[in-house]
Amino acid sequence: MGEPKILGGFYIKARKIKNSPIHRMPPYVREIWDYCLREANHSDASYHGFFIKRGQLFRTYKDIREDLSWYIGYRKMKYNENHTKKAMKALREALMIDTTKELGGVLITVLNYDYYQNPENYERTDEITDESTTIEPSKNHPIPANNKKKEKNKNKGNTNTAFLNAESSEEFYLTKKKRKLSGKRLETFNLFWEAFDYRIGKAEAADVWLDIPLLTDKLVFEIYSAAKKEAVKRPELISQGKTPKMAQGWLTARRWEDEITHLKTDDGSQKALALRSQTEQLLKEMEA
């Protein structure tokens with residue numbers, strides 16, 4: 001007799017979320033995002049007199065705070081109203097949700113729900129975690145006290161060994177000009193590349209990324225946000241017979257500095273987004 005089915009169904013969270021700005025947002029933003037993902041309809045259904053499509057949920061902000069409440073002893077704790085508003089705004093600006101105010105609540109749409117909730121869109125992983133205990137200590141483990149003197153004599157005259165080993169094993173990406181993109185530059189470039197989502201000319205784009213001066217966290221976030229918006233509007237551009245910019249040209253032209261970006265949503269409405277001002281405001285809220 002097989003195992004009983006798990007009630008309540010399931011939802012998918014992509015591991016690539018660790019490369020998203022939400023990964024570094026305050027805990028209440030991450031929890032409210034998880035709530036939206038978990039509570040979104042798996043199929044079209046009626047809720048409190050409203051027809052809610054797959055990937056949508058209908059709630060009041062009060063409902064969300066109540067559903068996410070917790071206890072410390074006998075004391076009931078909740079997020080405050082400001083937490084909820086900040087989180088929803090951050091998720092909208094990160095293009096993870098869209099919201100529409102309706103009588104009696106808010107209709108929340110999880111963007112790209114069908115794509116991320118389809119198991120067939122994920123690569124398989126064949127990695128096997130080996131949690132067995134090894135007899136020999138790994139290279140990063142401290143040397144036992146009784147062996148320190150022997151190890152010190154052994155490594156005398158080889159003071160650069162650790163540095164050389166670390167350098168030789170450092171992850172890097174070779175650009176078109178045969179330059180090494182590594183460290184935080186590589187990490188932030190990968191973040192941009194995923195957001196831009198137009199996988200042509202990566203090596204050329206890496207060269208431009210390497211040449212961006214003063215690549216602060218704030219600037220990375222601005223570029224990332226603008227790149228996601230560019231990815232959203234690209235299908236419409238292609239459908240009109242126009243040629244979208246490749247990452248190299250987009251970065252060279254500093255398109256993330258465009259003040260206004262127009263996005264066309266599924267319902268055909270135009271939304272004007274003040275990219276720079278919104279990004280700065282979001283960063284302030286994240287620091288609050």
# chains A, B, ... in the order shown; residues from 1 in each chain; ligands from 1
$ closest_atom_pairs --of "range 179-250 of chain A" --to "range 82-102 of chain A" --cutoff "8 Å" --atoms "only C-alpha atoms" --output "CSV"
residue,atom,partner,partner_atom,distance
A:Ser225,CA,A:Ala94,CA,6.6
A:Lys228,CA,A:Leu95,CA,7.5
A:Lys229,CA,A:Leu95,CA,7.7
$ write_last_selection --atoms "N, CA, C and O atoms" --output "short mmCIF file (atom, residue, chain, number, x, y, z; two decimals), in the first residue's frame"
data_model
loop_
_atom_site.label_atom_id
_atom_site.label_comp_id
_atom_site.auth_asym_id
_atom_site.auth_seq_id
_atom_site.Cartn_x
_atom_site.Cartn_y
_atom_site.Cartn_z
N SER A 225 16.84 46.43 -11.49
CA SER A 225 15.42 46.79 -11.61
C SER A 225 15.08 47.18 -13.04
O SER A 225 14.06 46.76 -13.59
N LYS A 228 15.04 44.12 -15.40
CA LYS A 228 13.83 43.32 -15.30
C LYS A 228 12.69 43.96 -16.09
O LYS A 228 11.92 43.27 -16.76
N LYS A 229 12.60 45.27 -16.03
CA LYS A 229 11.56 45.98 -16.78
C LYS A 229 11.80 45.84 -18.28
O LYS A 229 10.86 45.68 -19.06
#
$ atom_distance --atom1 "CA of Phe189 in chain A" --atom2 "CA of Ala206 in chain A"
7.1 Å
$ select_by_dssp --residues "range 232-262 of chain A" --states "alpha helix (DSSP H)" --output "ChimeraX atom specification"
/A:232-239,247-252
$ write_last_selection --atoms "N, CA and C atoms" --output "compact mmCIF listing (two decimals), in the first residue's frame"
# COMPACT_ATOMS: atom_id res chain seq x y z
N VAL A 232 10.56 42.50 -19.38
CA VAL A 232 9.10 42.40 -19.44
C VAL A 232 8.55 42.99 -20.74
N LYS A 233 9.11 44.11 -21.17
CA LYS A 233 8.56 44.77 -22.36
C LYS A 233 9.14 44.22 -23.68
N ARG A 234 10.18 43.37 -23.60
CA ARG A 234 10.83 42.87 -24.81
C ARG A 234 9.91 42.06 -25.73
N PRO A 235 9.07 41.14 -25.20
CA PRO A 235 8.19 40.37 -26.09
C PRO A 235 7.29 41.25 -26.96
N GLU A 236 6.78 42.33 -26.39
CA GLU A 236 5.93 43.24 -27.16
C GLU A 236 6.73 43.91 -28.26
N LEU A 237 7.97 44.27 -27.94
CA LEU A 237 8.85 44.91 -28.91
C LEU A 237 9.11 43.98 -30.10
N ILE A 238 9.36 42.72 -29.79
CA ILE A 238 9.63 41.73 -30.84
C ILE A 238 8.38 41.49 -31.68
N SER A 239 7.21 41.46 -31.03
CA SER A 239 5.95 41.23 -31.76
C SER A 239 5.65 42.36 -32.74
N ALA A 247 22.42 42.97 -24.39
CA ALA A 247 22.91 43.45 -23.09
C ALA A 247 24.09 44.40 -23.24
N GLN A 248 24.99 44.11 -24.18
CA GLN A 248 26.17 44.97 -24.36
C GLN A 248 25.76 46.40 -24.71
N GLY A 249 24.87 46.53 -25.70
CA GLY A 249 24.43 47.86 -26.12
C GLY A 249 23.61 48.55 -25.05
N TRP A 250 22.80 47.77 -24.34
CA TRP A 250 21.96 48.33 -23.28
C TRP A 250 22.81 48.91 -22.16
N LEU A 251 23.86 48.17 -21.78
CA LEU A 251 24.75 48.65 -20.73
C LEU A 251 25.59 49.83 -21.19
N THR A 252 26.11 49.74 -22.42
CA THR A 252 26.94 50.81 -22.96
C THR A 252 26.17 52.13 -23.01
$ residues_around --residues "Ala14 in chain A" --least-positions-apart "2" --cutoff "9 Å" --atoms "only C-alpha atoms" --output "list in words"
Ile12, Lys16, Ile17, Lys18, Tyr116, Gln117 and Tyr122 of chain A
$ closest_residue --among "A:Val208, A:Lys13, A:Glu3, A:Tyr224" --to "Asn118 in chain A" --atoms "only C-alpha atoms"
A:Lys13
$ residues_around --residues "range 42-59 of chain A" --least-positions-apart "5" --cutoff "8 Å" --atoms "only C-alpha atoms" --output "list in words"
Cys36, Leu37, Ile64, Gly105, Val106, Leu107, Ile108, Thr109, Val110, Leu111, Tyr113 and Asp114 of chain A
$ write_last_selection --atoms "all heavy atoms" --output "mmCIF file, in the first residue's frame"
data_model
loop_
_atom_site.group_PDB
_atom_site.id
_atom_site.type_symbol
_atom_site.label_atom_id
_atom_site.label_comp_id
_atom_site.auth_asym_id
_atom_site.auth_seq_id
_atom_site.Cartn_x
_atom_site.Cartn_y
_atom_site.Cartn_z
ATOM 1 N N CYS A 36 1.956 35.310 -0.549
ATOM 2 C CA CYS A 36 1.271 35.516 -1.835
ATOM 3 C C CYS A 36 1.435 34.299 -2.735
ATOM 4 O O CYS A 36 0.483 33.855 -3.392
ATOM 5 C CB CYS A 36 1.823 36.761 -2.531
ATOM 6 S SG CYS A 36 1.433 38.317 -1.702
ATOM 7 N N LEU A 37 2.636 33.761 -2.759
ATOM 8 C CA LEU A 37 2.913 32.601 -3.597
ATOM 9 C C LEU A 37 2.127 31.380 -3.117
ATOM 10 O O LEU A 37 1.561 30.626 -3.908
ATOM 11 C CB LEU A 37 4.417 32.311 -3.559
ATOM 12 C CG LEU A 37 5.003 31.426 -4.649
ATOM 13 C CD1 LEU A 37 4.763 32.020 -6.023
ATOM 14 C CD2 LEU A 37 6.500 31.242 -4.418
ATOM 15 N N ILE A 64 -3.928 39.622 5.608
ATOM 16 C CA ILE A 64 -2.542 39.166 5.490
ATOM 17 C C ILE A 64 -1.841 39.232 6.846
ATOM 18 O O ILE A 64 -1.154 38.290 7.257
ATOM 19 C CB ILE A 64 -1.778 40.010 4.445
ATOM 20 C CG1 ILE A 64 -2.392 39.796 3.052
ATOM 21 C CG2 ILE A 64 -0.297 39.656 4.436
ATOM 22 C CD1 ILE A 64 -1.810 40.682 1.969
ATOM 23 N N GLY A 105 -11.339 44.671 -0.691
ATOM 24 C CA GLY A 105 -10.005 44.088 -0.602
ATOM 25 C C GLY A 105 -9.115 44.443 -1.778
ATOM 26 O O GLY A 105 -9.377 45.384 -2.524
ATOM 27 N N VAL A 106 -8.065 43.658 -1.941
ATOM 28 C CA VAL A 106 -7.076 43.885 -2.998
ATOM 29 C C VAL A 106 -6.902 42.598 -3.798
ATOM 30 O O VAL A 106 -6.723 41.522 -3.225
ATOM 31 C CB VAL A 106 -5.710 44.307 -2.400
ATOM 32 C CG1 VAL A 106 -4.682 44.516 -3.510
ATOM 33 C CG2 VAL A 106 -5.855 45.575 -1.571
ATOM 34 N N LEU A 107 -6.974 42.717 -5.116
ATOM 35 C CA LEU A 107 -6.715 41.578 -5.991
ATOM 36 C C LEU A 107 -5.218 41.560 -6.281
ATOM 37 O O LEU A 107 -4.679 42.487 -6.878
ATOM 38 C CB LEU A 107 -7.507 41.704 -7.290
ATOM 39 C CG LEU A 107 -7.318 40.567 -8.303
ATOM 40 C CD1 LEU A 107 -7.819 39.245 -7.733
ATOM 41 C CD2 LEU A 107 -8.027 40.888 -9.615
ATOM 42 N N ILE A 108 -4.555 40.507 -5.835
ATOM 43 C CA ILE A 108 -3.102 40.383 -5.988
ATOM 44 C C ILE A 108 -2.810 39.346 -7.066
ATOM 45 O O ILE A 108 -3.305 38.217 -7.007
ATOM 46 C CB ILE A 108 -2.445 39.952 -4.662
ATOM 47 C CG1 ILE A 108 -2.800 40.944 -3.548
ATOM 48 C CG2 ILE A 108 -0.935 39.832 -4.820
ATOM 49 C CD1 ILE A 108 -2.430 40.449 -2.157
ATOM 50 N N THR A 109 -2.019 39.726 -8.053
ATOM 51 C CA THR A 109 -1.625 38.815 -9.124
ATOM 52 C C THR A 109 -0.140 38.520 -9.008
ATOM 53 O O THR A 109 0.684 39.438 -9.019
ATOM 54 C CB THR A 109 -1.909 39.428 -10.512
ATOM 55 O OG1 THR A 109 -3.302 39.741 -10.616
ATOM 56 C CG2 THR A 109 -1.520 38.460 -11.621
ATOM 57 N N VAL A 110 0.213 37.255 -8.859
ATOM 58 C CA VAL A 110 1.616 36.851 -8.843
ATOM 59 C C VAL A 110 2.082 36.775 -10.296
ATOM 60 O O VAL A 110 1.584 35.955 -11.072
ATOM 61 C CB VAL A 110 1.797 35.484 -8.147
ATOM 62 C CG1 VAL A 110 3.263 35.052 -8.198
ATOM 63 C CG2 VAL A 110 1.312 35.550 -6.705
ATOM 64 N N LEU A 111 3.006 37.645 -10.672
ATOM 65 C CA LEU A 111 3.454 37.712 -12.059
ATOM 66 C C LEU A 111 4.285 36.477 -12.427
ATOM 67 O O LEU A 111 5.036 35.950 -11.607
ATOM 68 C CB LEU A 111 4.266 38.988 -12.282
ATOM 69 C CG LEU A 111 3.519 40.298 -11.983
ATOM 70 C CD1 LEU A 111 4.418 41.507 -12.220
ATOM 71 C CD2 LEU A 111 2.251 40.411 -12.831
ATOM 72 N N TYR A 113 3.356 33.533 -12.816
ATOM 73 C CA TYR A 113 2.985 32.389 -11.975
ATOM 74 C C TYR A 113 3.030 31.078 -12.761
ATOM 75 O O TYR A 113 3.602 30.083 -12.293
ATOM 76 C CB TYR A 113 1.586 32.612 -11.408
ATOM 77 C CG TYR A 113 1.115 31.514 -10.475
ATOM 78 C CD1 TYR A 113 1.414 31.551 -9.116
ATOM 79 C CD2 TYR A 113 0.366 30.437 -10.954
ATOM 80 C CE1 TYR A 113 0.992 30.550 -8.258
ATOM 81 C CE2 TYR A 113 -0.063 29.428 -10.101
ATOM 82 C CZ TYR A 113 0.252 29.487 -8.760
ATOM 83 O OH TYR A 113 -0.165 28.491 -7.916
ATOM 84 N N ASP A 114 2.435 31.064 -13.953
ATOM 85 C CA ASP A 114 2.393 29.829 -14.742
ATOM 86 C C ASP A 114 3.791 29.313 -15.054
ATOM 87 O O ASP A 114 4.049 28.110 -15.014
ATOM 88 C CB ASP A 114 1.623 30.056 -16.048
ATOM 89 C CG ASP A 114 0.118 30.108 -15.825
ATOM 90 O OD1 ASP A 114 -0.343 29.527 -14.823
ATOM 91 O OD2 ASP A 114 -0.586 30.725 -16.637
#
$ atom_distance --atom1 "CA of Asn19 in chain A" --atom2 "CA of Asn190 in chain A"
8.1 Å
$ closest_residue --among "A:Ile72, A:Thr188, A:Pro119, A:Glu204" --to "Phe10 in chain A" --atoms "only C-alpha atoms"
A:Pro119
$ atom_distance --atom1 "CA of Glu222 in chain A" --atom2 "CA of Asp197 in chain A"
16.1 Å
$ residues_around --residues "Glu81 in chain A" --least-positions-apart "5" --cutoff "9 Å" --atoms "only C-alpha atoms" --output "VMD selection string"
chain A and resid 61 to 62 65 86
$ write_last_selection --atoms "all heavy atoms" --output "PDB file, in the first residue's frame"
ATOM      1  N   TYR A  61      -5.344  43.844   3.492  1.00  0.00           N
ATOM      2  CA  TYR A  61      -4.054  43.873   4.180  1.00  0.00           C
ATOM      3  C   TYR A  61      -4.207  43.363   5.616  1.00  0.00           C
ATOM      4  O   TYR A  61      -3.290  42.766   6.177  1.00  0.00           O
ATOM      5  CB  TYR A  61      -3.479  45.283   4.175  1.00  0.00           C
ATOM      6  CG  TYR A  61      -2.908  45.704   2.830  1.00  0.00           C
ATOM      7  CD1 TYR A  61      -2.350  46.962   2.643  1.00  0.00           C
ATOM      8  CD2 TYR A  61      -2.915  44.822   1.749  1.00  0.00           C
ATOM      9  CE1 TYR A  61      -1.822  47.337   1.420  1.00  0.00           C
ATOM     10  CE2 TYR A  61      -2.393  45.190   0.523  1.00  0.00           C
ATOM     11  CZ  TYR A  61      -1.845  46.453   0.360  1.00  0.00           C
ATOM     12  OH  TYR A  61      -1.318  46.816  -0.851  1.00  0.00           O
ATOM     13  N   LYS A  62      -5.383  43.578   6.182  1.00  0.00           N
ATOM     14  CA  LYS A  62      -5.654  43.078   7.529  1.00  0.00           C
ATOM     15  C   LYS A  62      -5.657  41.549   7.537  1.00  0.00           C
ATOM     16  O   LYS A  62      -5.153  40.916   8.472  1.00  0.00           O
ATOM     17  CB  LYS A  62      -6.995  43.615   8.025  1.00  0.00           C
ATOM     18  CG  LYS A  62      -7.327  43.226   9.456  1.00  0.00           C
ATOM     19  CD  LYS A  62      -8.654  43.828   9.895  1.00  0.00           C
ATOM     20  CE  LYS A  62      -8.995  43.417  11.324  1.00  0.00           C
ATOM     21  NZ  LYS A  62     -10.308  43.983  11.754  1.00  0.00           N
ATOM     22  N   ARG A  65      -2.036  40.346   7.549  1.00  0.00           N
ATOM     23  CA  ARG A  65      -1.396  40.487   8.862  1.00  0.00           C
ATOM     24  C   ARG A  65      -1.913  39.438   9.847  1.00  0.00           C
ATOM     25  O   ARG A  65      -1.153  38.892  10.645  1.00  0.00           O
ATOM     26  CB  ARG A  65      -1.632  41.901   9.410  1.00  0.00           C
ATOM     27  CG  ARG A  65      -0.917  42.985   8.625  1.00  0.00           C
ATOM     28  CD  ARG A  65      -0.868  44.290   9.401  1.00  0.00           C
ATOM     29  NE  ARG A  65      -2.194  44.833   9.660  1.00  0.00           N
ATOM     30  CZ  ARG A  65      -2.863  45.608   8.816  1.00  0.00           C
ATOM     31  NH1 ARG A  65      -2.334  45.910   7.632  1.00  0.00           N
ATOM     32  NH2 ARG A  65      -4.054  46.077   9.125  1.00  0.00           N
ATOM     33  N   LYS A  86       4.647  48.576   2.815  1.00  0.00           N
ATOM     34  CA  LYS A  86       6.014  48.609   2.284  1.00  0.00           C
ATOM     35  C   LYS A  86       6.339  47.336   1.512  1.00  0.00           C
ATOM     36  O   LYS A  86       6.961  47.376   0.450  1.00  0.00           O
ATOM     37  CB  LYS A  86       7.016  48.786   3.428  1.00  0.00           C
ATOM     38  CG  LYS A  86       7.110  50.193   3.976  1.00  0.00           C
ATOM     39  CD  LYS A  86       8.211  50.269   5.030  1.00  0.00           C
ATOM     40  CE  LYS A  86       8.394  51.692   5.537  1.00  0.00           C
ATOM     41  NZ  LYS A  86       9.488  51.779   6.535  1.00  0.00           N
TER      42      LYS A  86
END
$ residues_around --residues "Ser69 in chain A" --least-positions-apart "3" --cutoff "8 Å" --atoms "only C-alpha atoms" --output "list in words"
Arg65, Glu66, Lys76, Met77, Lys78 and Tyr79 of chain A
$ write_last_selection --atoms "all heavy atoms" --output "CSV table (one decimal), in the first residue's frame"
chain,number,residue,atom,x,y,z
A,65,ARG,N,-2.0,40.3,7.5
A,65,ARG,CA,-1.4,40.5,8.9
A,65,ARG,C,-1.9,39.4,9.8
A,65,ARG,O,-1.2,38.9,10.6
A,65,ARG,CB,-1.6,41.9,9.4
A,65,ARG,CG,-0.9,43.0,8.6
A,65,ARG,CD,-0.9,44.3,9.4
A,65,ARG,NE,-2.2,44.8,9.7
A,65,ARG,CZ,-2.9,45.6,8.8
A,65,ARG,NH1,-2.3,45.9,7.6
A,65,ARG,NH2,-4.1,46.1,9.1
A,66,GLU,N,-3.2,39.2,9.8
A,66,GLU,CA,-3.8,38.2,10.7
A,66,GLU,C,-3.3,36.8,10.3
A,66,GLU,O,-2.9,36.0,11.2
A,66,GLU,CB,-5.3,38.2,10.5
A,66,GLU,CG,-6.0,37.2,11.5
A,66,GLU,CD,-5.8,37.6,12.9
A,66,GLU,OE1,-5.7,38.8,13.3
A,66,GLU,OE2,-5.8,36.6,13.8
A,76,LYS,N,0.0,37.6,21.3
A,76,LYS,CA,-0.1,37.5,19.9
A,76,LYS,C,0.6,38.7,19.2
A,76,LYS,O,0.4,39.8,19.6
A,76,LYS,CB,-1.6,37.5,19.5
A,76,LYS,CG,-1.9,37.2,18.0
A,76,LYS,CD,-3.3,37.1,17.7
A,76,LYS,CE,-3.6,36.7,16.3
A,76,LYS,NZ,-5.1,36.6,16.0
A,77,MET,N,1.4,38.4,18.2
A,77,MET,CA,2.2,39.4,17.5
A,77,MET,C,1.7,39.5,16.1
A,77,MET,O,1.4,38.4,15.5
A,77,MET,CB,3.7,39.1,17.6
A,77,MET,CG,4.2,38.8,19.0
A,77,MET,SD,4.2,40.3,20.0
A,77,MET,CE,5.4,41.3,19.2
A,78,LYS,N,1.8,40.7,15.5
A,78,LYS,CA,1.4,40.9,14.1
A,78,LYS,C,2.4,41.9,13.5
A,78,LYS,O,2.9,42.7,14.2
A,78,LYS,CB,0.0,41.4,13.9
A,78,LYS,CG,-1.1,40.4,14.4
A,78,LYS,CD,-2.4,41.1,14.2
A,78,LYS,CE,-3.6,40.3,14.7
A,78,LYS,NZ,-4.9,41.0,14.5
A,79,TYR,N,2.5,41.8,12.1
A,79,TYR,CA,3.1,42.9,11.4
A,79,TYR,C,2.2,44.1,11.5
A,79,TYR,O,1.0,44.0,11.5
A,79,TYR,CB,3.4,42.5,10.0
A,79,TYR,CG,4.4,41.4,9.8
A,79,TYR,CD1,4.1,40.3,9.1
A,79,TYR,CD2,5.7,41.6,10.3
A,79,TYR,CE1,5.1,39.3,9.0
A,79,TYR,CE2,6.7,40.6,10.2
A,79,TYR,CZ,6.3,39.5,9.5
A,79,TYR,OH,7.3,38.5,9.4
